[in-house]
$ cat start.cif   # mmCIF, C-alpha atoms and all ligand atoms
data_upload
#
loop_
_atom_site.label_atom_id
_atom_site.label_comp_id
_atom_site.auth_asym_id
_atom_site.auth_seq_id
_atom_site.Cartn_x
_atom_site.Cartn_y
_atom_site.Cartn_z
CA MET A 19 0.00 0.00 0.00
CA ASP A 20 1.23 3.53 -0.82
CA SER A 21 1.98 5.62 2.26
CA PRO A 22 0.31 9.05 2.37
CA PRO A 23 2.43 11.94 1.04
CA LEU A 24 4.43 13.87 3.60
CA LEU A 25 2.81 17.13 4.62
CA ILE A 26 5.68 19.59 4.57
CA GLU A 27 4.93 23.24 5.30
CA ASP A 28 7.17 26.32 5.13
CA PHE A 29 8.08 26.85 8.80
CA GLY A 30 11.44 28.64 9.14
CA GLN A 31 12.46 31.29 11.66
CA LYS A 32 12.22 34.75 10.18
CA VAL A 33 13.10 38.21 11.33
CA ASP A 34 10.63 41.01 11.13
CA LEU A 35 12.51 43.51 8.96
CA THR A 36 10.78 46.63 10.25
CA ARG A 37 11.49 45.58 13.84
CA ARG A 38 15.14 44.90 13.00
CA ILE A 39 15.44 48.36 11.45
CA ARG A 40 13.85 49.99 14.51
CA GLU A 41 16.49 48.23 16.64
CA VAL A 42 19.28 49.51 14.40
CA LEU A 43 17.96 53.05 14.71
CA LEU A 44 17.91 52.81 18.52
CA ASN A 45 21.62 52.06 18.41
CA TYR A 46 22.52 54.84 15.97
CA PRO A 47 22.22 58.45 16.97
CA GLU A 48 20.45 60.71 14.52
CA GLY A 49 22.06 63.70 12.91
CA THR A 50 25.51 63.75 11.32
CA THR A 51 26.13 60.08 12.19
CA VAL A 52 23.96 59.15 9.21
CA LEU A 53 26.07 61.28 6.86
CA LYS A 54 29.26 59.85 8.32
CA GLU A 55 28.08 56.27 7.65
CA ILE A 56 27.40 57.23 4.03
CA ILE A 57 30.88 58.77 3.68
CA GLN A 58 32.51 55.78 5.39
CA ASN A 59 30.87 53.35 2.99
CA ALA A 60 32.00 55.43 0.00
CA ASP A 61 35.53 55.35 1.41
CA ASP A 62 35.41 51.56 1.86
CA ALA A 63 34.25 51.31 -1.77
CA GLY A 64 37.38 53.21 -2.85
CA ALA A 65 35.66 56.46 -3.82
CA SER A 66 37.76 59.64 -3.90
CA SER A 67 34.93 62.13 -3.94
CA VAL A 68 31.62 62.41 -2.06
CA ARG A 69 28.89 64.97 -2.73
CA LEU A 70 25.89 65.44 -0.46
CA CYS A 71 22.97 67.47 -1.73
CA LEU A 72 19.77 68.69 -0.15
CA ASP A 73 17.37 68.46 -3.10
CA ARG A 74 14.53 70.84 -2.30
CA ARG A 75 12.68 70.25 -5.58
CA SER A 76 9.34 68.46 -5.85
CA HIS A 77 9.06 66.19 -8.85
CA PRO A 78 5.94 65.37 -10.89
CA SER A 79 4.04 62.12 -10.32
CA HIS A 80 2.52 61.31 -13.72
CA SER A 81 4.79 58.44 -14.76
CA LEU A 82 5.69 56.44 -11.66
CA LEU A 83 6.13 52.70 -11.14
CA SER A 84 3.07 52.81 -8.87
CA PRO A 85 0.71 55.60 -7.73
CA SER A 86 1.72 55.21 -4.06
CA LEU A 87 5.26 56.29 -4.93
CA SER A 88 3.97 59.84 -5.40
CA HIS A 89 4.60 60.35 -1.65
CA PHE A 90 8.32 60.22 -2.33
CA GLN A 91 8.62 62.87 -5.04
CA GLY A 92 9.30 65.66 -2.55
CA PRO A 93 12.54 66.92 -0.98
CA SER A 94 15.34 64.40 -0.55
CA LEU A 95 18.94 63.94 0.45
CA LEU A 96 21.13 62.93 -2.51
CA ALA A 97 24.50 61.30 -1.84
CA PHE A 98 26.92 60.81 -4.71
CA ASN A 99 30.26 59.01 -4.75
CA ASP A 100 32.55 58.06 -7.62
CA ALA A 101 32.79 54.30 -6.92
CA VAL A 102 30.52 51.68 -8.51
CA PHE A 103 28.89 48.81 -6.60
CA THR A 104 30.53 45.40 -7.11
CA ASP A 105 28.43 42.22 -7.20
CA ASP A 106 29.46 41.68 -3.56
CA ASP A 107 28.30 45.18 -2.61
CA PHE A 108 24.83 44.48 -3.99
CA ILE A 109 24.69 41.26 -1.93
CA SER A 110 26.04 42.97 1.17
CA ILE A 111 23.62 45.91 1.14
CA SER A 112 20.67 43.55 0.72
CA ARG A 113 21.46 41.92 4.07
CA ILE A 114 21.36 43.45 7.50
CA GLY A 115 24.26 42.31 9.63
CA GLY A 116 25.86 40.39 6.78
CA SER A 117 28.75 42.56 5.64
CA THR A 118 31.02 40.94 3.06
CA LYS A 119 33.84 43.14 4.37
CA HIS A 120 34.65 40.86 7.36
CA SER A 121 37.76 39.43 5.79
CA GLN A 122 39.05 42.74 4.42
CA ALA A 123 41.21 44.45 7.02
CA SER A 124 41.53 47.58 4.90
CA LYS A 125 37.84 48.39 5.26
CA THR A 126 36.26 50.18 8.17
CA GLY A 127 32.76 48.69 7.86
CA ARG A 128 32.40 45.32 9.56
CA PHE A 129 28.98 44.80 11.00
CA GLY A 130 26.80 45.39 7.98
CA VAL A 131 24.36 47.70 9.72
CA GLY A 132 25.63 51.28 9.22
CA PHE A 133 23.80 51.86 5.95
CA ASN A 134 20.52 51.22 7.72
CA SER A 135 20.97 54.40 9.76
CA VAL A 136 19.48 56.13 6.67
CA TYR A 137 16.09 54.90 7.89
CA HIS A 138 16.27 57.77 10.35
CA LEU A 139 15.60 60.00 7.32
CA THR A 140 13.48 57.99 4.95
CA ASP A 141 11.00 55.16 4.51
CA LEU A 142 12.17 54.45 0.95
CA PRO A 143 15.93 54.59 0.33
CA SER A 144 17.12 54.07 -3.22
CA PHE A 145 20.29 54.29 -5.29
CA VAL A 146 21.68 54.11 -8.79
CA SER A 147 25.01 52.37 -9.44
CA GLY A 148 26.32 51.11 -12.77
CA LYS A 149 23.34 49.93 -14.80
CA TYR A 150 21.02 49.35 -11.84
CA VAL A 151 18.62 51.32 -9.75
CA VAL A 152 17.63 49.74 -6.42
CA LEU A 153 14.67 50.70 -4.24
CA PHE A 154 14.12 49.36 -0.71
CA ASP A 155 10.63 49.33 0.80
CA PRO A 156 10.95 47.47 4.13
CA GLN A 157 7.29 48.01 4.96
CA GLY A 158 6.29 46.35 1.70
CA ALA A 159 3.87 49.21 1.16
CA TYR A 160 4.82 51.36 -1.80
CA LEU A 161 6.61 49.53 -4.62
CA PRO A 162 4.68 47.47 -7.18
CA HIS A 163 4.51 43.71 -6.42
CA VAL A 164 6.34 44.20 -3.13
CA SER A 165 5.77 42.18 0.03
CA SER A 166 7.35 41.79 3.44
CA ALA A 167 9.00 38.62 2.13
CA ASN A 168 10.41 40.54 -0.85
CA PRO A 169 10.81 44.14 0.27
CA GLY A 170 12.66 45.80 -2.59
CA LYS A 171 13.38 45.95 -6.32
CA ARG A 172 16.42 46.18 -8.58
CA ILE A 173 15.91 47.43 -12.13
CA ASP A 174 18.35 47.38 -15.05
CA PHE A 175 17.47 50.88 -16.23
CA VAL A 176 19.82 50.79 -19.23
CA SER A 177 18.49 47.83 -21.18
CA SER A 178 14.87 48.50 -20.18
CA SER A 179 14.98 52.20 -21.23
CA ALA A 180 13.26 52.83 -17.92
CA ILE A 181 13.42 56.60 -18.09
CA SER A 182 11.44 56.86 -21.31
CA ALA A 183 8.47 54.97 -19.85
CA TYR A 184 8.79 56.24 -16.27
CA ASN A 185 10.30 59.68 -16.62
CA ASP A 186 8.97 61.11 -13.34
CA GLN A 187 10.20 58.06 -11.43
CA PHE A 188 13.76 58.22 -12.68
CA SER A 189 14.54 61.84 -13.59
CA PRO A 190 15.12 62.78 -9.91
CA TYR A 191 18.34 60.71 -10.14
CA CYS A 192 19.70 62.81 -13.01
CA ALA A 193 22.36 64.61 -11.00
CA PHE A 194 26.15 64.61 -10.66
CA GLY A 195 26.68 63.01 -14.08
CA CYS A 196 23.94 60.37 -13.83
CA ASP A 197 21.69 60.53 -16.93
CA MET A 198 19.57 57.35 -16.36
CA LYS A 199 20.22 56.31 -19.98
CA THR A 200 23.79 55.02 -19.86
CA PRO A 201 25.46 53.05 -17.04
CA PHE A 202 26.48 55.41 -14.25
CA ASN A 203 30.16 55.36 -13.40
CA GLY A 204 29.48 56.08 -9.74
CA THR A 205 26.76 55.73 -7.14
CA LEU A 206 23.94 58.11 -6.32
CA PHE A 207 21.69 57.49 -3.34
CA ARG A 208 18.33 59.23 -3.05
CA PHE A 209 16.67 59.41 0.36
CA PRO A 210 13.27 61.13 0.15
CA LEU A 211 12.83 62.90 3.50
CA ARG A 212 10.17 61.41 5.76
CA ASN A 213 7.40 63.99 5.98
CA ALA A 214 4.90 64.38 8.81
CA GLY A 215 2.25 62.25 7.08
CA GLN A 216 4.66 59.36 6.55
CA ALA A 217 6.03 59.70 10.09
CA ALA A 218 2.55 59.29 11.54
CA ALA A 219 2.14 55.93 9.78
CA SER A 220 5.71 54.62 9.55
CA LYS A 221 6.70 51.30 11.11
CA LEU A 222 10.34 52.41 10.92
CA SER A 223 10.45 55.78 12.67
CA ARG A 224 8.00 58.39 13.90
CA GLN A 225 10.53 61.14 13.26
CA ALA A 226 9.89 63.49 10.33
CA TYR A 227 12.81 65.26 8.65
CA LEU A 228 12.59 68.82 7.40
CA GLU A 229 14.80 70.44 4.81
CA ASP A 230 16.21 72.67 7.57
CA ASP A 231 17.29 69.59 9.53
CA ILE A 232 19.46 68.51 6.60
CA SER A 233 20.93 72.02 6.16
CA SER A 234 21.87 72.04 9.84
CA MET A 235 23.48 68.61 9.50
CA PHE A 236 25.59 69.93 6.59
CA THR A 237 26.75 72.93 8.62
CA GLN A 238 27.56 70.75 11.61
CA LEU A 239 29.47 68.23 9.49
CA TYR A 240 31.49 71.05 7.95
CA GLU A 241 32.23 72.66 11.32
CA GLU A 242 33.25 69.32 12.82
CA GLY A 243 35.96 69.07 10.14
CA VAL A 244 34.64 65.86 8.65
CA LEU A 245 37.73 64.96 6.61
CA THR A 246 40.14 64.89 9.55
CA LEU A 247 37.51 63.43 11.86
CA LEU A 248 36.83 60.24 9.94
CA PHE A 249 40.36 59.03 9.06
CA LEU A 250 39.40 58.34 5.47
CA LYS A 251 41.69 56.28 3.24
CA CYS A 252 40.42 57.15 -0.23
CA VAL A 253 37.94 60.03 -0.02
CA SER A 254 39.86 63.30 -0.31
CA CYS A 255 37.04 65.66 -1.20
CA ILE A 256 33.59 66.13 0.34
CA GLU A 257 31.23 68.75 -1.02
CA MET A 258 27.78 69.79 0.16
CA TYR A 259 25.15 71.29 -2.11
CA ILE A 260 21.63 72.61 -2.11
CA TRP A 261 19.29 72.28 -5.09
CA ASP A 262 16.54 74.89 -4.97
CA ALA A 263 13.20 74.50 -6.71
CA GLY A 264 13.29 75.94 -10.21
CA GLU A 265 17.08 75.69 -10.55
CA PHE A 266 18.79 73.63 -13.26
CA GLU A 267 21.68 72.57 -11.09
CA PRO A 268 22.67 72.41 -7.44
CA ARG A 269 24.62 75.20 -5.72
CA LYS A 270 27.71 74.39 -3.67
CA LEU A 271 27.53 75.28 0.04
CA TYR A 272 30.67 73.74 1.51
CA SER A 273 33.78 72.08 0.20
CA CYS A 274 36.31 70.12 2.25
CA SER A 275 39.42 68.69 0.61
CA ASN A 276 42.99 67.72 1.39
N1 LIG B 1 28.73 53.81 -1.44
C1 LIG B 1 28.81 52.47 -1.51
N2 LIG B 1 29.49 51.89 -2.51
C2 LIG B 1 29.59 50.54 -2.59
N3 LIG B 1 29.00 49.69 -1.72
C3 LIG B 1 28.30 50.22 -0.72
C4 LIG B 1 28.16 51.62 -0.55
N4 LIG B 1 27.40 51.83 0.54
C5 LIG B 1 27.09 50.61 1.01
N5 LIG B 1 27.63 49.64 0.26
C6 LIG B 1 27.51 48.18 0.44
O1 LIG B 1 26.54 47.97 1.44
C7 LIG B 1 27.07 47.16 2.47
C8 LIG B 1 26.41 47.47 3.79
O2 LIG B 1 26.85 48.72 4.30
P1 LIG B 1 26.88 48.90 5.85
O3 LIG B 1 25.52 48.61 6.39
O4 LIG B 1 27.43 50.26 6.17
O5 LIG B 1 27.84 47.76 6.35
P2 LIG B 1 29.44 47.66 6.43
O6 LIG B 1 30.01 48.99 5.99
O7 LIG B 1 29.71 47.38 7.87
O8 LIG B 1 29.82 46.53 5.53
C9 LIG B 1 28.57 47.41 2.43
O9 LIG B 1 29.29 46.32 2.96
C10 LIG B 1 28.82 47.59 0.95
O10 LIG B 1 29.03 46.34 0.34
MG MG B 2 29.45 50.85 6.64
#

$ encode --input "start.cif" --output "structure tokens"
Amino acid sequence: MDSPPLLIEDFGQKVDLTRRIREVLLNYPEGTTVLKEIIQNADDAGASSVRLCLDRRSHPSHSLLSPSLSHFQGPSLLAFNDAVFTDDDFISISRIGGSTKHSQASKTGRFGVGFNSVYHLTDLPSFVSGKYVVLFDPQGAYLPHVSSANPGKRIDFVSSSAISAYNDQFSPYCAFGCDMKTPFNGTLFRFPLRNAGQAAASKLSRQAYLEDDISSMFTQLYEEGVLTLLFLKCVSCIEMYIWDAGEFEPRKLYSCSN
């Protein structure tokens, strides 16, 4: 006689991503620490130049990947560096606490959590590097076909001509040499600032960020003497910009170099 088929269910241990991020934020102070983590990661990646920009523009919402992404077309922090993500970097950033830098003594990052301090500022961090744009949505709430089991997307924007179909989605990344048509020889993060409405509903942080908060962080970072403070190995120039509504390009506020 045939025995009945085994009843095997999915039953693994899982971490709740939003809870894990809240824990990370408890252990990372707000303010310039977030900017320092971004600069440190650029340095580990071998970048020589970092540019931070408070983008005060609001972008249109007619051609987005999904209607709910319209909440993220407002002011943002942009962070550029001139190093491109390796395959390992893409793997590493998609884990929390799983840095692939462990074995590399020359790198400062170790624990694979520092990047996640950006969740102080935003509910939807994203970046362009090489031919890819990546968007993280830990709440599984905003991206198309997203879920808590699969909380982000990576898009090859070059071969899919993404910008022609979704201009409003991707034109905000056109800055610091990134044109969203050809592979970008650098990395540009975009962190749309968490506004009061998002803060009221966010499972990540109840803290809203205003444009003035970012300006103050820039001033503080400059006054702290960021270049000497961080013992950087590769980064020799850090610039801070502001991009006002209606302007074609950002305006430089501070420049630190050695
Ligand atoms: N600017 C960057 N360029 C290349 N890779 C990056 C950059 N920022 C983050 N990463 C990738 O994301 C991973 C996670 O960053 P982080 O959470 O700060 O951990 P850690 O620096 O301890 O490895 C890094 O190990 C790296 O692979
Ligand atoms: Mg790091």

$ atom_distance --input "start.cif" --atom1 "atom CA of A:Tyr272" --atom2 "atom CA of A:Asn45"
28.9 Å

$ closest_residue --input "start.cif" --among "A:Ala63, A:Cys71, A:Ala193, A:Ile56" --to "A:Leu248" --atoms "all atoms listed in the file"
A:Ile56

$ closest_residue --input "start.cif" --among "A:Glu265, A:Glu241, A:Asp174, A:Asp100" --to "A:Phe194" --atoms "only C-alpha atoms"
A:Asp100

$ residues_near_ligand --input "start.cif" --ligand "ligand LIG 1 (chain B)" --cutoff "9 Å" --atoms "only C-alpha atoms and all ligand atoms" --output "PyMOL selection string"
chain A and resi 55-65+97-120+125-135+147+204-207

$ residues_around --input "start.cif" --residues "A:Asp155" --least-positions-apart "6" --cutoff "8 Å" --atoms "all atoms listed in the file" --output "PyMOL selection string"
chain A and resi 141-143+161+164+169-170

$ residues_around --input "start.cif" --residues "A:Leu87" --least-positions-apart "3" --cutoff "7 Å" --atoms "all atoms listed in the file" --output "PDB file with C-alpha atoms, in the frame of the given file"
ATOM      1  CA  LEU A  82       5.690  56.440 -11.660  1.00  0.00           C
ATOM      2  CA  SER A  84       3.070  52.810  -8.870  1.00  0.00           C
ATOM      3  CA  PHE A  90       8.320  60.220  -2.330  1.00  0.00           C
ATOM      4  CA  TYR A 160       4.820  51.360  -1.800  1.00  0.00           C
ATOM      5  CA  LEU A 161       6.610  49.530  -4.620  1.00  0.00           C
TER       6      LEU A 161
END

$ residues_around --input "start.cif" --residues "A:Pro210" --least-positions-apart "3" --cutoff "7 Å" --atoms "all atoms listed in the file" --output "list in words"
Phe90, Gly92, Pro93, Ser94, Leu95, Thr140 and Leu142 of chain A

$ residues_around --input "start.cif" --residues "A:Ala226" --least-positions-apart "5" --cutoff "10 Å" --atoms "all atoms listed in the file" --output "PyMOL selection string"
chain A and resi 138-140+211-218+220+231

$ closest_residue --input "start.cif" --among "A:Val151, A:Leu72, A:Val52, A:Ala159" --to "A:Leu96" --atoms "only C-alpha atoms"
A:Leu72

$ closest_residue --input "start.cif" --among "A:Gln31, A:Ser275, A:Ser76, A:Thr51" --to "ligand MG 2 (chain B)" --atoms "only C-alpha atoms and all ligand atoms"
A:Thr51

$ closest_residue --input "start.cif" --among "A:Pro23, A:Val136, A:Ser88, A:Asp186" --to "ligand MG 2 (chain B)" --atoms "all atoms listed in the file"
A:Val136

$ closest_residue --input "start.cif" --among "A:Leu53, A:Ala167, A:Ala263, A:Val68" --to "ligand MG 2 (chain B)" --atoms "all atoms listed in the file"
A:Leu53

$ atom_distance --input "start.cif" --atom1 "atom CA of A:Gln225" --atom2 "atom CA of A:Leu83"
26.2 Å

$ residues_near_point --input "start.cif" --point "(17.8, 72.8, 7.9)" --cutoff "12 Å" --atoms "all atoms listed in the file" --output "PyMOL selection string"
chain A and resi 49+72-74+93+95+211+227-238+260

$ residues_around --input "start.cif" --residues "A:Ser189" --least-positions-apart "3" --cutoff "12 Å" --atoms "all atoms listed in the file" --output "ChimeraX atom specification"
/A:75-79,81-82,91,146,151,175,180-186,192-193,196-199,208

$ atom_distance --input "start.cif" --atom1 "atom CA of A:Pro85" --atom2 "atom CA of A:Gly264"
24.0 Å

$ axis_aligned_box --input "start.cif" --around "stretch 100-107 of chain A" --padding-each-side "6 Å" --output "lines of an AutoDock Vina configuration file"
center_x = 30.5
center_y = 49.9
center_z = -5.6
size_x = 16.5
size_y = 28.4
size_z = 17.9
